[in-house]
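Text of the file upload-v6.pdb, holding PDB, C-alpha atoms:
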ATOM      1  CA  MET A 525     -23.597  15.576-123.806  1.00  0.00           C
ATOM      2  CA  LEU A 526     -24.675  18.177-121.265  1.00  0.00           C
ATOM      3  CA  LEU A 527     -22.930  21.508-120.966  1.00  0.00           C
ATOM      4  CA  LYS A 528     -20.988  22.371-117.818  1.00  0.00           C
ATOM      5  CA  GLU A 529     -23.568  24.967-116.739  1.00  0.00           C
ATOM      6  CA  GLN A 530     -26.335  22.395-117.202  1.00  0.00           C
ATOM      7  CA  GLU A 531     -24.461  19.930-114.997  1.00  0.00           C
ATOM      8  CA  GLN A 532     -24.048  22.724-112.439  1.00  0.00           C
ATOM      9  CA  ALA A 533     -27.816  23.354-112.511  1.00  0.00           C
ATOM     10  CA  ILE A 534     -28.388  19.713-111.545  1.00  0.00           C
ATOM     11  CA  THR A 535     -25.734  19.930-108.814  1.00  0.00           C
ATOM     12  CA  ASP A 536     -27.320  23.092-107.386  1.00  0.00           C
ATOM     13  CA  TYR A 537     -30.732  21.422-107.435  1.00  0.00           C
ATOM     14  CA  LEU A 538     -29.405  18.468-105.435  1.00  0.00           C
ATOM     15  CA  VAL A 539     -27.573  20.714-102.963  1.00  0.00           C
ATOM     16  CA  LEU A 540     -30.908  22.316-102.136  1.00  0.00           C
ATOM     17  CA  HIS A 541     -32.210  18.885-101.144  1.00  0.00           C
ATOM     18  CA  GLN A 542     -29.428  18.442 -98.558  1.00  0.00           C
ATOM     19  CA  LEU A 543     -28.004  15.132 -99.744  1.00  0.00           C
ATOM     20  CA  PRO A 544     -24.619  14.125 -98.286  1.00  0.00           C
ATOM     21  CA  LEU A 545     -22.032  14.839-100.934  1.00  0.00           C
ATOM     22  CA  ASP A 546     -21.231  11.218-101.750  1.00  0.00           C
ATOM     23  CA  ILE A 547     -24.934  10.445-102.248  1.00  0.00           C
ATOM     24  CA  LEU A 548     -25.329  13.688-104.188  1.00  0.00           C
ATOM     25  CA  LEU A 549     -22.633  12.590-106.637  1.00  0.00           C
ATOM     26  CA  GLU A 550     -24.258   9.179-107.031  1.00  0.00           C
ATOM     27  CA  VAL A 551     -27.708  10.669-107.647  1.00  0.00           C
ATOM     28  CA  LYS A 552     -26.226  13.318-109.938  1.00  0.00           C
ATOM     29  CA  ASP A 553     -24.794  10.624-112.221  1.00  0.00           C
ATOM     30  CA  HIS A 554     -28.246   9.025-112.512  1.00  0.00           C
ATOM     31  CA  MET A 555     -29.958  12.361-113.160  1.00  0.00           C
ATOM     32  CA  LEU A 556     -27.406  13.409-115.791  1.00  0.00           C
ATOM     33  CA  SER A 557     -27.963  10.151-117.636  1.00  0.00           C
ATOM     34  CA  GLN A 558     -31.729  10.419-117.287  1.00  0.00           C
ATOM     35  CA  VAL A 559     -31.882  14.010-118.526  1.00  0.00           C
ATOM     36  CA  ALA A 560     -29.658  13.151-121.504  1.00  0.00           C
ATOM     37  CA  ASP A 561     -31.816  10.132-122.386  1.00  0.00           C
ATOM     38  CA  ILE A 562     -35.025  12.179-122.260  1.00  0.00           C
ATOM     39  CA  GLN A 563     -33.470  14.862-124.452  1.00  0.00           C
ATOM     40  CA  THR A 564     -32.394  12.278-127.012  1.00  0.00           C
ATOM     41  CA  GLU A 565     -35.450  10.009-127.023  1.00  0.00           C
ATOM     42  CA  GLU A 566     -38.158  12.671-126.656  1.00  0.00           C
ATOM     43  CA  HIS A 567     -36.381  15.509-128.486  1.00  0.00           C
ATOM     44  CA  LYS A 568     -36.805  17.899-125.567  1.00  0.00           C
ATOM     45  CA  SER A 569     -34.718  20.865-124.493  1.00  0.00           C
ATOM     46  CA  PHE A 570     -32.535  20.589-121.404  1.00  0.00           C
ATOM     47  CA  GLU A 571     -35.015  22.631-119.356  1.00  0.00           C
ATOM     48  CA  GLU A 572     -37.918  20.374-120.347  1.00  0.00           C
ATOM     49  CA  ALA A 573     -35.946  17.177-119.758  1.00  0.00           C
ATOM     50  CA  PHE A 574     -34.629  18.428-116.422  1.00  0.00           C
ATOM     51  CA  TYR A 575     -38.129  19.389-115.287  1.00  0.00           C
ATOM     52  CA  LYS A 576     -39.474  15.957-116.217  1.00  0.00           C
ATOM     53  CA  THR A 577     -36.592  14.308-114.358  1.00  0.00           C
ATOM     54  CA  GLN A 578     -37.329  16.414-111.277  1.00  0.00           C
ATOM     55  CA  LYS A 579     -40.942  15.198-111.331  1.00  0.00           C
ATOM     56  CA  LEU A 580     -39.774  11.575-111.595  1.00  0.00           C
ATOM     57  CA  TRP A 581     -37.502  12.029-108.569  1.00  0.00           C
ATOM     58  CA  GLU A 582     -39.934  14.162-106.575  1.00  0.00           C
ATOM     59  CA  SER A 583     -41.009  11.433-104.127  1.00  0.00           C
ATOM     60  CA  GLU A 584     -37.376  10.564-103.361  1.00  0.00           C
ATOM     61  CA  PHE A 585     -36.729  14.042-102.017  1.00  0.00           C
ATOM     62  CA  ARG A 586     -39.605  14.099 -99.541  1.00  0.00           C
ATOM     63  CA  MET A 587     -38.320  14.636 -96.016  1.00  0.00           C
ATOM     64  CA  THR A 588     -38.585  11.837 -93.480  1.00  0.00           C
ATOM     65  CA  LYS A 589     -37.106  10.743 -90.129  1.00  0.00           C
ATOM     66  CA  TYR A 590     -34.339   8.224 -89.564  1.00  0.00           C
ATOM     67  CA  SER A 591     -33.793   8.736 -85.854  1.00  0.00           C
ATOM     68  CA  VAL A 592     -31.217   5.941 -85.499  1.00  0.00           C
ATOM     69  CA  PHE A 593     -28.564   8.057 -87.234  1.00  0.00           C
ATOM     70  CA  TYR A 594     -30.067  11.490 -87.954  1.00  0.00           C
ATOM     71  CA  ALA A 595     -31.633  13.898 -85.465  1.00  0.00           C
ATOM     72  CA  GLU A 596     -33.070  16.062 -88.235  1.00  0.00           C
ATOM     73  CA  GLU A 597     -35.282  15.084 -91.156  1.00  0.00           C
ATOM     74  CA  ILE A 598     -33.546  13.756 -94.268  1.00  0.00           C
ATOM     75  CA  PRO A 599     -34.650  13.024 -97.861  1.00  0.00           C
ATOM     76  CA  VAL A 600     -36.271   9.620 -98.433  1.00  0.00           C
ATOM     77  CA  ILE A 601     -33.532   8.600-100.848  1.00  0.00           C
ATOM     78  CA  VAL A 602     -30.849   9.242 -98.210  1.00  0.00           C
ATOM     79  CA  LYS A 603     -32.719   7.048 -95.728  1.00  0.00           C
ATOM     80  CA  LYS A 604     -33.024   4.263 -98.304  1.00  0.00           C
ATOM     81  CA  ILE A 605     -29.348   4.331 -99.234  1.00  0.00           C
ATOM     82  CA  VAL A 606     -28.074   4.676 -95.661  1.00  0.00           C
ATOM     83  CA  ARG A 607     -30.359   1.928 -94.357  1.00  0.00           C
ATOM     84  CA  THR A 608     -29.322  -0.452 -97.144  1.00  0.00           C
ATOM     85  CA  ARG A 609     -25.657   0.348 -96.583  1.00  0.00           C
ATOM     86  CA  ASN A 610     -25.936  -0.106 -92.807  1.00  0.00           C
ATOM     87  CA  ASN A 611     -27.831  -3.390 -93.137  1.00  0.00           C
ATOM     88  CA  ASN A 612     -25.136  -4.778 -95.429  1.00  0.00           C
ATOM     89  CA  LEU A 613     -22.365  -3.669 -93.080  1.00  0.00           C
ATOM     90  CA  LEU A 614     -24.159  -5.125 -90.056  1.00  0.00           C
ATOM     91  CA  LYS A 615     -24.468  -8.501 -91.784  1.00  0.00           C
ATOM     92  CA  LYS A 616     -20.760  -8.544 -92.569  1.00  0.00           C
ATOM     93  CA  SER A 617     -19.915  -7.337 -89.061  1.00  0.00           C
ATOM     94  CA  GLY A 618     -22.108 -10.030 -87.531  1.00  0.00           C
ATOM     95  CA  LEU A 619     -20.320 -12.750 -89.478  1.00  0.00           C
ATOM     96  CA  LEU A 620     -16.893 -11.433 -88.482  1.00  0.00           C
ATOM     97  CA  GLY A 621     -18.108 -11.183 -84.897  1.00  0.00           C
ATOM     98  CA  LEU A 622     -19.045 -14.875 -84.992  1.00  0.00           C
ATOM     99  CA  ILE A 623     -15.431 -15.693 -85.818  1.00  0.00           C
ATOM    100  CA  SER A 624     -14.355 -13.822 -82.699  1.00  0.00           C
ATOM    101  CA  LEU A 625     -17.050 -15.626 -80.705  1.00  0.00           C
ATOM    102  CA  ALA A 626     -15.674 -18.944 -81.954  1.00  0.00           C
ATOM    103  CA  PHE A 627     -12.276 -17.940 -80.583  1.00  0.00           C
ATOM    104  CA  SER A 628     -13.948 -17.181 -77.249  1.00  0.00           C
ATOM    105  CA  PHE A 629     -15.216 -20.756 -77.079  1.00  0.00           C
ATOM    106  CA  ALA A 630     -11.851 -22.108 -78.206  1.00  0.00           C
ATOM    107  CA  PHE A 631     -10.090 -20.200 -75.425  1.00  0.00           C
ATOM    108  CA  ILE A 632     -12.299 -21.928 -72.851  1.00  0.00           C
ATOM    109  CA  TYR A 633     -10.763 -25.271 -73.758  1.00  0.00           C
ATOM    110  CA  LEU A 634      -7.271 -23.988 -74.546  1.00  0.00           C
ATOM    111  CA  ALA A 635      -6.836 -22.201 -71.209  1.00  0.00           C
ATOM    112  CA  SER A 636      -4.916 -24.087 -68.558  1.00  0.00           C
ATOM    113  CA  ASP A 637      -6.949 -22.571 -65.712  1.00  0.00           C
ATOM    114  CA  VAL A 638      -9.447 -19.797 -64.967  1.00  0.00           C
ATOM    115  CA  ASP A 639      -6.729 -17.129 -64.610  1.00  0.00           C
ATOM    116  CA  HIS A 640      -5.275 -18.074 -67.982  1.00  0.00           C
ATOM    117  CA  TYR A 641      -8.760 -17.804 -69.525  1.00  0.00           C
ATOM    118  CA  THR A 642      -9.230 -14.367 -67.947  1.00  0.00           C
ATOM    119  CA  ASP A 643      -5.980 -13.217 -69.554  1.00  0.00           C
ATOM    120  CA  LEU A 644      -7.089 -14.523 -72.963  1.00  0.00           C
ATOM    121  CA  PHE A 645     -10.511 -12.888 -72.497  1.00  0.00           C
ATOM    122  CA  ARG A 646      -8.900  -9.521 -71.784  1.00  0.00           C
ATOM    123  CA  ILE A 647      -6.388  -9.772 -74.633  1.00  0.00           C
ATOM    124  CA  GLN A 648      -9.110 -10.698 -77.128  1.00  0.00           C
ATOM    125  CA  ASN A 649     -11.398  -7.822 -76.155  1.00  0.00           C
ATOM    126  CA  GLY A 650      -8.468  -5.447 -75.736  1.00  0.00           C
ATOM    127  CA  LEU A 651      -7.655  -5.914 -79.407  1.00  0.00           C
ATOM    128  CA  PHE A 652     -11.004  -4.320 -80.239  1.00  0.00           C
ATOM    129  CA  ILE A 653      -9.736  -1.201 -78.487  1.00  0.00           C
ATOM    130  CA  VAL A 654      -6.127  -1.203 -79.652  1.00  0.00           C
ATOM    131  CA  VAL A 655      -6.734  -1.944 -83.340  1.00  0.00           C
ATOM    132  CA  PRO A 656      -9.251   0.908 -83.908  1.00  0.00           C
ATOM    133  CA  LEU A 657      -6.938   3.318 -82.075  1.00  0.00           C
ATOM    134  CA  ILE A 658      -3.997   2.248 -84.246  1.00  0.00           C
ATOM    135  CA  ILE A 659      -6.113   2.693 -87.375  1.00  0.00           C
ATOM    136  CA  TRP A 660      -7.090   6.182 -86.230  1.00  0.00           C
ATOM    137  CA  ALA A 661      -3.454   6.999 -85.433  1.00  0.00           C
ATOM    138  CA  PHE A 662      -2.430   6.126 -88.996  1.00  0.00           C
ATOM    139  CA  HIS A 663      -5.341   8.079 -90.454  1.00  0.00           C
ATOM    140  CA  TYR A 664      -5.328  11.098 -88.155  1.00  0.00           C
ATOM    141  CA  LYS A 665      -5.793  13.463 -91.103  1.00  0.00           C
ATOM    142  CA  MET A 666      -9.273  12.005 -91.528  1.00  0.00           C
ATOM    143  CA  LEU A 667     -10.353  13.453 -88.177  1.00  0.00           C
ATOM    144  CA  LYS A 668     -11.451  16.711 -89.754  1.00  0.00           C
ATOM    145  CA  TYR A 669     -13.837  14.843 -92.058  1.00  0.00           C
ATOM    146  CA  ILE A 670     -15.758  13.078 -89.303  1.00  0.00           C
ATOM    147  CA  ARG A 671     -16.619  16.130 -87.217  1.00  0.00           C
ATOM    148  CA  TYR A 672     -20.366  16.569 -86.939  1.00  0.00           C
ATOM    149  CA  ASP A 673     -20.050  20.194 -88.069  1.00  0.00           C
ATOM    150  CA  HIS A 674     -17.818  19.478 -91.083  1.00  0.00           C
ATOM    151  CA  LYS A 675     -20.122  20.365 -93.938  1.00  0.00           C
ATOM    152  CA  TYR A 676     -20.109  21.507 -97.535  1.00  0.00           C
ATOM    153  CA  LYS A 677     -21.592  24.988 -97.955  1.00  0.00           C
ATOM    154  CA  GLU A 678     -22.782  24.683 -94.335  1.00  0.00           C
ATOM    155  CA  LYS A 679     -25.540  22.359 -95.530  1.00  0.00           C
ATOM    156  CA  LEU A 680     -24.263  18.963 -96.588  1.00  0.00           C
ATOM    157  CA  PHE A 681     -22.252  16.357 -94.753  1.00  0.00           C
ATOM    158  CA  TYR A 682     -19.306  15.103 -96.751  1.00  0.00           C
ATOM    159  CA  THR A 683     -20.441  11.481 -96.660  1.00  0.00           C
ATOM    160  CA  MET A 684     -23.313   9.362 -95.419  1.00  0.00           C
ATOM    161  CA  TYR A 685     -20.845   7.538 -93.150  1.00  0.00           C
ATOM    162  CA  GLN A 686     -20.089  10.680 -91.156  1.00  0.00           C
ATOM    163  CA  GLN A 687     -22.932  10.120 -88.689  1.00  0.00           C
ATOM    164  CA  ASN A 688     -21.319   6.946 -87.307  1.00  0.00           C
ATOM    165  CA  ALA A 689     -18.239   8.681 -85.910  1.00  0.00           C
ATOM    166  CA  ALA A 690     -19.591   9.233 -82.385  1.00  0.00           C
ATOM    167  CA  LEU A 691     -20.498   5.545 -82.141  1.00  0.00           C
ATOM    168  CA  THR A 692     -16.810   4.585 -82.364  1.00  0.00           C
ATOM    169  CA  LEU A 693     -15.763   6.226 -79.102  1.00  0.00           C
ATOM    170  CA  SER A 694     -18.830   5.042 -77.208  1.00  0.00           C
ATOM    171  CA  MET A 695     -18.241   1.423 -78.269  1.00  0.00           C
ATOM    172  CA  ILE A 696     -14.537   1.605 -77.403  1.00  0.00           C
ATOM    173  CA  GLY A 697     -15.488   2.969 -73.982  1.00  0.00           C
ATOM    174  CA  LEU A 698     -17.948   0.126 -73.443  1.00  0.00           C
ATOM    175  CA  MET A 699     -15.370  -2.424 -74.551  1.00  0.00           C
ATOM    176  CA  ALA A 700     -12.882  -0.968 -72.043  1.00  0.00           C
ATOM    177  CA  GLN A 701     -15.406  -1.687 -69.282  1.00  0.00           C
ATOM    178  CA  ILE A 702     -15.839  -5.244 -70.544  1.00  0.00           C
ATOM    179  CA  MET A 703     -12.095  -5.838 -70.789  1.00  0.00           C
ATOM    180  CA  VAL A 704     -11.432  -5.129 -67.100  1.00  0.00           C
ATOM    181  CA  LYS A 705     -13.914  -7.823 -66.064  1.00  0.00           C
ATOM    182  CA  GLU A 706     -12.636 -11.279 -65.243  1.00  0.00           C
ATOM    183  CA  GLY A 707     -14.874 -13.008 -67.763  1.00  0.00           C
ATOM    184  CA  LYS A 708     -14.466 -16.253 -65.846  1.00  0.00           C
ATOM    185  CA  TYR A 709     -18.064 -17.501 -66.000  1.00  0.00           C
ATOM    186  CA  PRO A 710     -17.917 -19.326 -69.373  1.00  0.00           C
ATOM    187  CA  TYR A 711     -14.796 -21.167 -68.190  1.00  0.00           C
ATOM    188  CA  LEU A 712     -16.441 -22.190 -64.934  1.00  0.00           C
ATOM    189  CA  PHE A 713     -19.587 -23.291 -66.777  1.00  0.00           C
ATOM    190  CA  PHE A 714     -17.965 -25.395 -69.494  1.00  0.00           C
ATOM    191  CA  ARG A 715     -14.777 -26.600 -67.818  1.00  0.00           C
ATOM    192  CA  GLU A 716     -15.778 -26.934 -64.168  1.00  0.00           C
ATOM    193  CA  ASN A 717     -19.513 -27.613 -64.613  1.00  0.00           C
ATOM    194  CA  ASP A 718     -20.458 -24.713 -62.364  1.00  0.00           C
ATOM    195  CA  HIS A 719     -24.024 -23.902 -63.523  1.00  0.00           C
ATOM    196  CA  SER A 720     -24.887 -21.537 -60.692  1.00  0.00           C
ATOM    197  CA  GLU A 721     -24.311 -18.339 -62.730  1.00  0.00           C
ATOM    198  CA  ILE A 722     -25.782 -19.133 -66.141  1.00  0.00           C
ATOM    199  CA  GLY A 723     -27.005 -15.553 -66.524  1.00  0.00           C
ATOM    200  CA  TYR A 724     -23.459 -14.236 -66.192  1.00  0.00           C
ATOM    201  CA  VAL A 725     -22.281 -16.882 -68.660  1.00  0.00           C
ATOM    202  CA  LEU A 726     -24.655 -15.562 -71.322  1.00  0.00           C
ATOM    203  CA  VAL A 727     -23.793 -11.930 -70.596  1.00  0.00           C
ATOM    204  CA  THR A 728     -20.046 -12.633 -70.696  1.00  0.00           C
ATOM    205  CA  LEU A 729     -20.341 -14.315 -74.089  1.00  0.00           C
ATOM    206  CA  LEU A 730     -23.034 -12.225 -75.775  1.00  0.00           C
ATOM    207  CA  LEU A 731     -22.257  -8.680 -74.601  1.00  0.00           C
ATOM    208  CA  PRO A 732     -18.657  -8.703 -75.902  1.00  0.00           C
ATOM    209  CA  TYR A 733     -19.941 -10.240 -79.148  1.00  0.00           C
ATOM    210  CA  LEU A 734     -22.464  -7.424 -79.638  1.00  0.00           C
ATOM    211  CA  VAL A 735     -19.918  -4.711 -78.850  1.00  0.00           C
ATOM    212  CA  GLN A 736     -17.356  -6.360 -81.130  1.00  0.00           C
ATOM    213  CA  VAL A 737     -19.905  -6.410 -83.950  1.00  0.00           C
ATOM    214  CA  LEU A 738     -20.572  -2.693 -83.493  1.00  0.00           C
ATOM    215  CA  ILE A 739     -16.865  -1.865 -83.383  1.00  0.00           C
ATOM    216  CA  ILE A 740     -16.328  -3.835 -86.605  1.00  0.00           C
ATOM    217  CA  PHE A 741     -19.326  -1.992 -88.058  1.00  0.00           C
ATOM    218  CA  VAL A 742     -17.982   1.473 -87.241  1.00  0.00           C
ATOM    219  CA  MET A 743     -14.506   0.602 -88.522  1.00  0.00           C
ATOM    220  CA  MET A 744     -15.937  -0.701 -91.798  1.00  0.00           C
ATOM    221  CA  SER A 745     -17.948   2.517 -91.952  1.00  0.00           C
ATOM    222  CA  PHE A 746     -14.732   4.465 -91.407  1.00  0.00           C
ATOM    223  CA  PHE A 747     -13.066   2.852 -94.414  1.00  0.00           C
ATOM    224  CA  GLY A 748     -16.216   3.474 -96.463  1.00  0.00           C
ATOM    225  CA  HIS A 749     -16.074   7.094 -95.326  1.00  0.00           C
ATOM    226  CA  LYS A 750     -12.397   7.342 -96.294  1.00  0.00           C
ATOM    227  CA  LYS A 751     -13.108   5.943 -99.758  1.00  0.00           C
ATOM    228  CA  ALA A 752     -16.047   8.304-100.247  1.00  0.00           C
ATOM    229  CA  VAL A 753     -13.979  11.332 -99.195  1.00  0.00           C
ATOM    230  CA  VAL A 754     -11.508  10.638-102.033  1.00  0.00           C
ATOM    231  CA  ARG A 755     -14.287  10.936-104.611  1.00  0.00           C
ATOM    232  CA  VAL A 756     -15.792  13.982-102.905  1.00  0.00           C
ATOM    233  CA  GLU A 757     -12.444  15.793-102.792  1.00  0.00           C
ATOM    234  CA  ARG A 758     -11.892  15.013-106.469  1.00  0.00           C
ATOM    235  CA  PHE A 759     -15.299  16.538-107.250  1.00  0.00           C
ATOM    236  CA  LEU A 760     -14.580  19.659-105.184  1.00  0.00           C
ATOM    237  CA  ASN A 761     -11.130  20.159-106.735  1.00  0.00           C
ATOM    238  CA  THR A 762     -12.454  19.890-110.293  1.00  0.00           C
ATOM    239  CA  GLY A 763     -15.730  21.706-109.696  1.00  0.00           C
TER     240      GLY A 763
END
Let me see the structure of the file written as structure tokens.
Amino acid sequence: MLLKEQEQAITDYLVLHQLPLDILLEVKDHMLSQVADIQTEEHKSFEEAFYKTQKLWESEFRMTKYSVFYAEEIPVIVKKIVRTRNNNLLKKSGLLGLISLAFSFAFIYLASDVDHYTDLFRIQNGLFIVVPLIIWAFHYKMLKYIRYDHKYKEKLFYTMYQQNAALTLSMIGLMAQIMVKEGKYPYLFFRENDHSEIGYVLVTLLLPYLVQVLIIFVMMSFFGHKKAVVRVERFLNTG
């Protein structure tokens, strides 16, 4: 069992490597366990075990670029965790987006005419604006945690999800532009056999799908961020 000051030494070490707080806590748990195991199995002092653990983790703290989400360099381990997390969320978002796309095709055959289809098209895509705004309205206190400049000790972001916040507004803005379109081309193609605008048919089906996927992605990220903040706040209040 490590002493409180020894745990703090590990925390301070990780703070220096600029890990987002939620990742820091995850890595800290692994390092605490590793240091304790080395002490027990190799009969080393804390300082010796901690030094050996640092050497084992050394390559994970090398700085690298992940320009998709971070303008500055970040530790390799952060890139690995964020990329894995984002890939998993994108897969889930893509599957949920396919359900919405299936509804788009169903509306083509359920609509009584092209105007009715346009109304359904706008309602469907409008939901991807209204629902995120409602979620934000009910979680307005979370706004302070997604600001780009909201950091711990002016160094660390609260969570690895924080970088996705700006994407939410940009996707909602893009969806608003899509929603005001008539979206009539799939109806004309499938119901009236008008094949003169096949390019618009593909754009009308695929562009909303892609934007919907990204909106689902950022909202799932938001809930991940909210969950991570709970653990971070607990750490800060007991630290």
For A:Arg646, list every protein, DNA or RNA residue within 9 Å, evaluated using only C-alpha atoms, and leave out those in the same chain fewer than 6 positions away; present the list as JSON, numbers by chain. {"A": [702, 703, 704, 705, 706, 707]}
Adding 3 Å on each side of the box along x, y and z that holds all listed atoms of stretch 540-550 of chain A, could you give its centre and edge lengths in Å to one decimal, as lines of an AutoDock Vina configuration file?
center_x = -26.7
center_y = 15.7
center_z = -102.7
size_x = 17.0
size_y = 19.1
size_z = 14.7
Selection result of the PyMOL selection byres ((chain A and resi 721-727) around 9) on this file, as a list in words: Gly707, Lys708, Tyr709, Pro710, Tyr711, Leu712, Phe713, Asp718, His719, Ser720, Thr728, Leu729, Leu730, Leu731 and Pro732 of chain A
So, with only C-alpha atoms as the atoms that count, which of A:Phe593, A:Ile598, A:Ala752, A:Thr577 lies closest to A:His541? A:Ile598
Using all atoms listed in the file, find the one residue out of A:Tyr685, A:Trp660, A:Tyr590, A:Phe631 that sits nearest to A:Phe741. A:Tyr685
Could you extract stretch 551-571 of chain A of the given structure into a file holding N, CA and C atoms, as a CSV table (one decimal), in the first residue's frame?
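Now in out_27.csv:
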chain,number,residue,atom,x,y,z
A,551,VAL,N,-4.2,6.3,-16.1
A,551,VAL,CA,-2.8,5.9,-16.1
A,551,VAL,C,-2.3,5.8,-14.7
A,552,LYS,N,-2.7,6.7,-13.8
A,552,LYS,CA,-2.2,6.7,-12.4
A,552,LYS,C,-2.6,5.4,-11.8
A,553,ASP,N,-3.8,4.9,-12.0
A,553,ASP,CA,-4.2,3.6,-11.4
A,553,ASP,C,-3.2,2.5,-11.8
A,554,HIS,N,-2.9,2.5,-13.1
A,554,HIS,CA,-2.0,1.4,-13.6
A,554,HIS,C,-0.6,1.6,-13.0
A,555,MET,N,-0.1,2.8,-12.9
A,555,MET,CA,1.2,3.1,-12.4
A,555,MET,C,1.3,2.7,-10.9
A,556,LEU,N,0.3,3.1,-10.1
A,556,LEU,CA,0.2,2.7,-8.7
A,556,LEU,C,0.3,1.2,-8.5
A,557,SER,N,-0.4,0.5,-9.3
A,557,SER,CA,-0.4,-1.0,-9.2
A,557,SER,C,1.0,-1.5,-9.6
A,558,GLN,N,1.5,-0.9,-10.7
A,558,GLN,CA,2.8,-1.4,-11.2
A,558,GLN,C,3.9,-1.2,-10.2
A,559,VAL,N,3.9,0.0,-9.6
A,559,VAL,CA,5.0,0.4,-8.6
A,559,VAL,C,4.8,-0.5,-7.4
A,560,ALA,N,3.6,-0.8,-7.0
A,560,ALA,CA,3.4,-1.7,-5.8
A,560,ALA,C,3.9,-3.1,-6.1
A,561,ASP,N,3.6,-3.6,-7.3
A,561,ASP,CA,4.0,-4.9,-7.7
A,561,ASP,C,5.5,-5.0,-7.7
A,562,ILE,N,6.2,-4.0,-8.2
A,562,ILE,CA,7.7,-4.1,-8.3
A,562,ILE,C,8.3,-4.0,-6.9
A,563,GLN,N,7.7,-3.2,-6.1
A,563,GLN,CA,8.2,-3.2,-4.7
A,563,GLN,C,8.0,-4.5,-4.0
A,564,THR,N,6.9,-5.2,-4.2
A,564,THR,CA,6.6,-6.5,-3.6
A,564,THR,C,7.5,-7.6,-4.1
A,565,GLU,N,7.5,-7.7,-5.5
A,565,GLU,CA,8.2,-8.8,-6.1
A,565,GLU,C,9.7,-8.7,-6.2
A,566,GLU,N,10.2,-7.4,-6.3
A,566,GLU,CA,11.6,-7.2,-6.4
A,566,GLU,C,12.2,-6.6,-5.2
A,567,HIS,N,11.4,-6.5,-4.1
A,567,HIS,CA,11.9,-5.9,-2.8
A,567,HIS,C,12.7,-4.6,-3.0
A,568,LYS,N,12.1,-3.7,-3.8
A,568,LYS,CA,12.7,-2.4,-4.0
A,568,LYS,C,12.0,-1.3,-3.2
A,569,SER,N,12.7,-0.2,-3.0
A,569,SER,CA,12.1,0.9,-2.3
A,569,SER,C,11.1,1.6,-3.3
A,570,PHE,N,10.3,2.5,-2.8
A,570,PHE,CA,9.3,3.2,-3.6
A,570,PHE,C,10.1,3.9,-4.7
A,571,GLU,N,11.2,4.6,-4.3
A,571,GLU,CA,11.9,5.4,-5.3
A,571,GLU,C,12.5,4.6,-6.4
